[in-house]
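**Student:** The structure is given below, and queries will be raised subsequently.
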Amino acid sequence: MAATNSTHDGAAPIVAHHFNNILQQQSSVRFGMWLFLATEVLFFGGVFCAYTVYRRWFPLDFEAASTALNPMIAGINSFLLLTSSFTATLAIRAAYTGNQGRLKAMLAATIVLGVAFLGFKSFEYYQDFEEGLVPSAQVANPDPLHHHARGMDSQFAHNLQHVLEHKKYYKDGAHLEDVNLDRCRLFFVFYYGMTGLHVIHMIVGIGLFIWQYILASRGFFVPKERFVYVEVLALYWHFVELVWIFLLPLLYMTGHHSFSDL
Amino acid sequence: MLFAELEMPLLPPTASEFANDYDWLFWYITAVITVAGLGVYAALAWFSWKYMKRPGAKPIRLLGSHKLELIWSVIPLLFFLSFYAWGIPIFNATTKVPEGAPEIFVVGKQWMWKIQHPNGVREINELHLPVNKAVKITGGSEDVIHDFGVPAFRSKFDVVPGRWISTWYQPNKVGEYHIFCDQYCGQGHSQMVGKVYVMEQADYDQWLDGVKKTGSDNRIADGSPAWQGRQLFLKLQCITCHNNVYDADRTNSNTSNRAPNLEGLYMSKVPMSGGSYITADENYIRESIRNPEAKVHDGWKPIMPAFPQGQVSEFELYNLVAYIKSLQPGDLPRRTDQFPAPVGAPVKATEGGNSK
Amino acid sequence: MSATATLELDYTPQCVPPISNEPDPTAENYLNHSHTWLSWLLTVDHKRIGIMYLVAVTTFFVFGGLAAMLVRINLLTPTGAILELDQYNKAFTAHGTIMLFLFLIPVVPGVLGNFFVPIMIGAKDMAFPKLNLASFYVYAFGAVFFIVALLTGGLDTGWTFYPPYSSKYSHTNVLLAGTGVFILGFSSILTGLNIIATVHKMRCPGMSWGRMPLFVWAMYATSVIQVLATPVLAITVTMLAVERIFGVGIFDPTLQGDPILFQHMFWYYSHPAVYIMLLPGMGVINEVLTCFSRKNIFGYAAVAWSTIGIAVVGYLVWGHHMFLSGQGVYLGMLFSILTMLVAVPSAIKVFNWTATLYGGTLTFQAPMLYALGFIALFTIGGLTGIYLGVMGTDIHLHDTYFVIAHFHFTMVGGMMFGWQAGLHFWWPKMTGKMYSDFWSRLAAVTTLVGFSLTFLPQFVLGFSGMPRRYPYYPPEFQMFNILSTAGASIQGIGYLMPVFYLTASLFFGKNAGPNPWRATGLEWQTASPPPMHNFDELPHVTCGPYEYALPSSFQLVEASHNPDHPGGDHPHLVTAGDPHGRH
């Protein structure tokens, strides 16, 4: 009986004590991950909802603030992440057929691509930090009458203005003075919040992939029976990628970018 | 009577026509649900006694009845819908302010109510009203969310920072009634209470005389919010830009002036940049002072400085809006050199909007 | 040689009874198979995890109750009998947050759901036993944040955390408590996820959806809400925390944010959350009422679908908390009519429960008394909710003691009574011991009387206009407040009594036997306390859950002669022809 099978190193049985057979166990694991993803959709849904409300109210300001971001890095990152989803899918197949070498290779590729994403992301955060695009309330110019309009009294506003001028924000017919910098700050709160949540999910995912790589090295993935764990982790990874697919247009493609900026 | 001796009224006083309308709905719902509730209780009691276990008794095997279930879901639904339908006009009545009702402005602040009458008289935690006169109540907050409630009028509305919300009363009974803050607002929440004094017209006039002499001009009386708003309008140098001086071509307002003329602005349709229109109601004017670039009049540069709460308090803001509301063509004073442009405003009108 | 004997029952259990009805105190069960601390703390057995939840939530209930007593005592006089203003604010916040996040939300899913959902569907454990243990520790971890927050300075925002008060003006531990809410939310999500997966994937042969006990239906609906609403609360408190830490204005009107958006997002979770608290209680009532009236539930499908209906429509009514916030008349109308719709399934339940009593043979042990108390109090709680869902009447009653009375009638009168009914109903199963009949009945009646005396006067107070969260109040309200406090004291005694007689039953109670109530559910067809993996052999379900009025007979066969079970030593029961043609 499948219920009494165990791996060659004599570790835990493949079918846990409370399941009747391997199919029940596999479908439960898969179902559990889908439920978890439903929860995650609602979790990100909350912050997407708040973003949407403010984007609807303050379109110009969000557009301007988005212009200050770096679409080049985002583009590279999208490519990396999509590719890593592909390698994760290949890993499922390898685990199912029992091709341990390819399984490890695909897991490793996924890990490398994910880490590369995080590297680029860190560089982008560093760039933002260098440009001073940190939504703090620190006051640069204490003269209230002079610059109080549009939240220009903050250091953040000063920096954002600088970046936008550098990027020649005016040239598409947009005007910097149409922009309320308090609202741009709100955009940056969402930018850091949403990408930050995404990065946390990525780190968790990469950690799990590393764990699976170790398991794979130990021959844990018995062909046709334990591939489901690779499958559900890949499901999670696709979800993380899907979130990014939404973040890309909402955060980066909202603004005015041109090739010369890249 | 027992309850009277203990000063323990079972019912709150009713001191407005709306309160009576409200109570009709309240008692209608109460009657229906009392009958329904007693029905359930009677059935529970009767079944509990009748079918209490007795020797030899056998339960019947009864799986249900769709017919009965349909009956006891449709009938309650019909009643629920009748409550709903009746509730709509009651709620709507609180938002439809009668024409010409004088406006009283209430500001919630941790932890007091500041109240300003149409003639500029201010009170704290007290509100004096003449009997049988409709008044409009508008509320704003200087800090957190409060709620201005007067149980005797069955009236209540949240006082939310960043916007004004209005309702109205028409008290019909002389007396003294509670004001409560109904939205939790911190340590002194339960001390954010006050009294409404509803008075006969003569008593009210006398009270008013004791507090403040009013001016004879009924449009901009001395001390009225609009009058105070006018003073502020000059003091804050709004007049520098918002004036009725047209430098050249009157039809091309873009080049002739720095800011829209405010005369006759109230409740007019204002074109927005982008092609839409907005009705210039109180909340629009209010927002345009606090955050001028929120909704910019088409054709003007958003160069106006914002006036946050530190500069213009909620009361002052209300008074400014009251003044702007009162402006009819020709009302704005002439701009003279005694009102220089504010710091940061363009030096010459022809420079357009660039604040550099 | 096969020895046979016939077992006559005046009801039909859901499956072939695998063991005899005699208590076997020597048998190994989930309690006595190991005794070390670690065997409890690291257990993945859903029954032990349920017991750990029981200890935890009971502890927090005591703390929450003490905070409630502080509040009630303080309200004895119009200017506050014992507490300063800010102390009062911290006391009612402690009461609200502890009772909601640490007691009401986890109590039935954590204790009874964990313990009985797998047994009632014939599973050996939850679908994800380790996740189940993790969710308990996540709960404990979140509770630590809460306790630290409450002990080091307290929290004074109320359980609703409305900004800008919570984000800018409160000087108390909003961040710590918010972190606690965030973490507790994930415990709730994981429990819900586990129960959904268990119900979908772990049902034993014959246990179709239409044969599931209604308690399982209720837990299923509850779990769906937990999984789909709680994450929104998590992200909302996260945004609140970001605003409070960094001073950015997500919900701050002076920085372009909108405080009403917080209310929308908060109530998007917190209205469904009241159904998280209520539906499990309703589920328990179905089990108890049918057992003690020896009847089928009246309209199984209607009760099951009304559970789902409440869960689904309950998502769409959150705006009825915000009629006066300036959200707009049309939005208010929409939320108001949806609220009227969600009242219908609740009404169906009450009527169906009442009809279930018709034609039964009723006995009134403690679980039944609690269940009847539930129906009586929930009827009032549900009906008074109508005033608050109708836009017109909500104007005056909004944020008054009327609201307090209403939701205590649903939360305490509903959930607390449902919980007590369930605890008393299943206590013999969980522990194998029977508690004192007299004291348990007395406790049920005491709680009912005390509860009514506490909260009925609050309806009058609310209609008179007394606002909630007021430590000081006008003197004319004093008499009703005194009545209410008197009731609360009686109610407190009613809650303390079970602590004593239930504890005493562990030591002095007589053995209950597997099925003391002669109930039909699967959980009663195994030993009390249940063995490690719930059933000695996989049960096979042959009929619906409430066949109390259908007698059955079984033939006892020596198992060694049964070719299906070679090697078995125990006497085995098989059905001996069904006179009612159920097969």
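For the structure tokens, the naming scheme is as follows: chains receive sequential letters (A, B, ...) according to their order of presentation, residues are indexed from 1 within each chain, and ligands are indexed from 1 in presentation order.
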Return as number ranges by chain the residues belonging to chain C that are within 6 Å of chain B, counting only C-alpha atoms.

**Tutor:** C: 85-86, 164-165, 253, 296, 298-299, 324-325, 340, 348, 358-363, 390-392, 395-396, 399, 464-465, 467, 470, 472, 476, 549

**Student:** Would you kindly return, as a PyMOL selection string, each protein, DNA or RNA residue with an atom no farther than 8 Å from any atom of range 193-209 of chain A, considering only C-alpha atoms and excluding same-chain residues fewer than 2 positions away?

**Tutor:** chain A and resi 47+107+110-111+114-115+118+189-191+211-213+233+236-237+240+243-244+247

**Student:** Report as CSV the residues of chain C within 6 Å of chain A, each with its shortest atom pair and distance in Å (one decimal), using only C-alpha atoms, ordered by chain and increasing residue number.

**Tutor:**
```
residue,atom,partner,partner_atom,distance
C:Lys124,CA,A:His18,CA,5.1
C:Asp125,CA,A:His18,CA,5.6
C:Ala197,CA,A:Gly32,CA,6.0
C:Lys201,CA,A:Ser28,CA,5.9
C:Val227,CA,A:Thr39,CA,5.5
C:Leu228,CA,A:Thr39,CA,5.6
C:Pro231,CA,A:Phe43,CA,4.5
C:Val232,CA,A:Gly46,CA,5.3
C:Ile235,CA,A:Phe43,CA,5.9
```

**Student:** Write out the residues from the selection above, keeping C-alpha atoms, as a PDB file, in the first residue's frame.

**Tutor:**
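The file below, out_26.pdb, is the result:
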```pdb
ATOM      1  CA  LYS C 124      -8.412  11.082  11.260  1.00  0.00           C
ATOM      2  CA  ASP C 125      -7.177  14.647  11.573  1.00  0.00           C
ATOM      3  CA  ALA C 197      -9.516  21.949   3.101  1.00  0.00           C
ATOM      4  CA  LYS C 201     -10.932  16.674   1.052  1.00  0.00           C
ATOM      5  CA  VAL C 227      -9.999  33.238   4.621  1.00  0.00           C
ATOM      6  CA  LEU C 228     -11.486  35.927   2.414  1.00  0.00           C
ATOM      7  CA  PRO C 231      -6.419  39.575   4.990  1.00  0.00           C
ATOM      8  CA  VAL C 232      -8.116  42.888   4.274  1.00  0.00           C
ATOM      9  CA  ILE C 235      -3.446  45.090   5.161  1.00  0.00           C
TER      10      ILE C 235
END
```

**Student:** Just the number, please: distance in Å from CA of Glu8 in chain C to CA of Asn534 in chain C, one decimal.

**Tutor:**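 CA of Asn534 in chain C lies 24.4 Å from CA of Glu8 in chain C.
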
**Student:** For Leu113 in chain A, work out the shell of residues within 7 Å, counting only C-alpha atoms and skipping chain neighbours fewer than 5 positions away, then give it as JSON, numbers by chain.

**Tutor:** {"A": [80, 81, 84]}
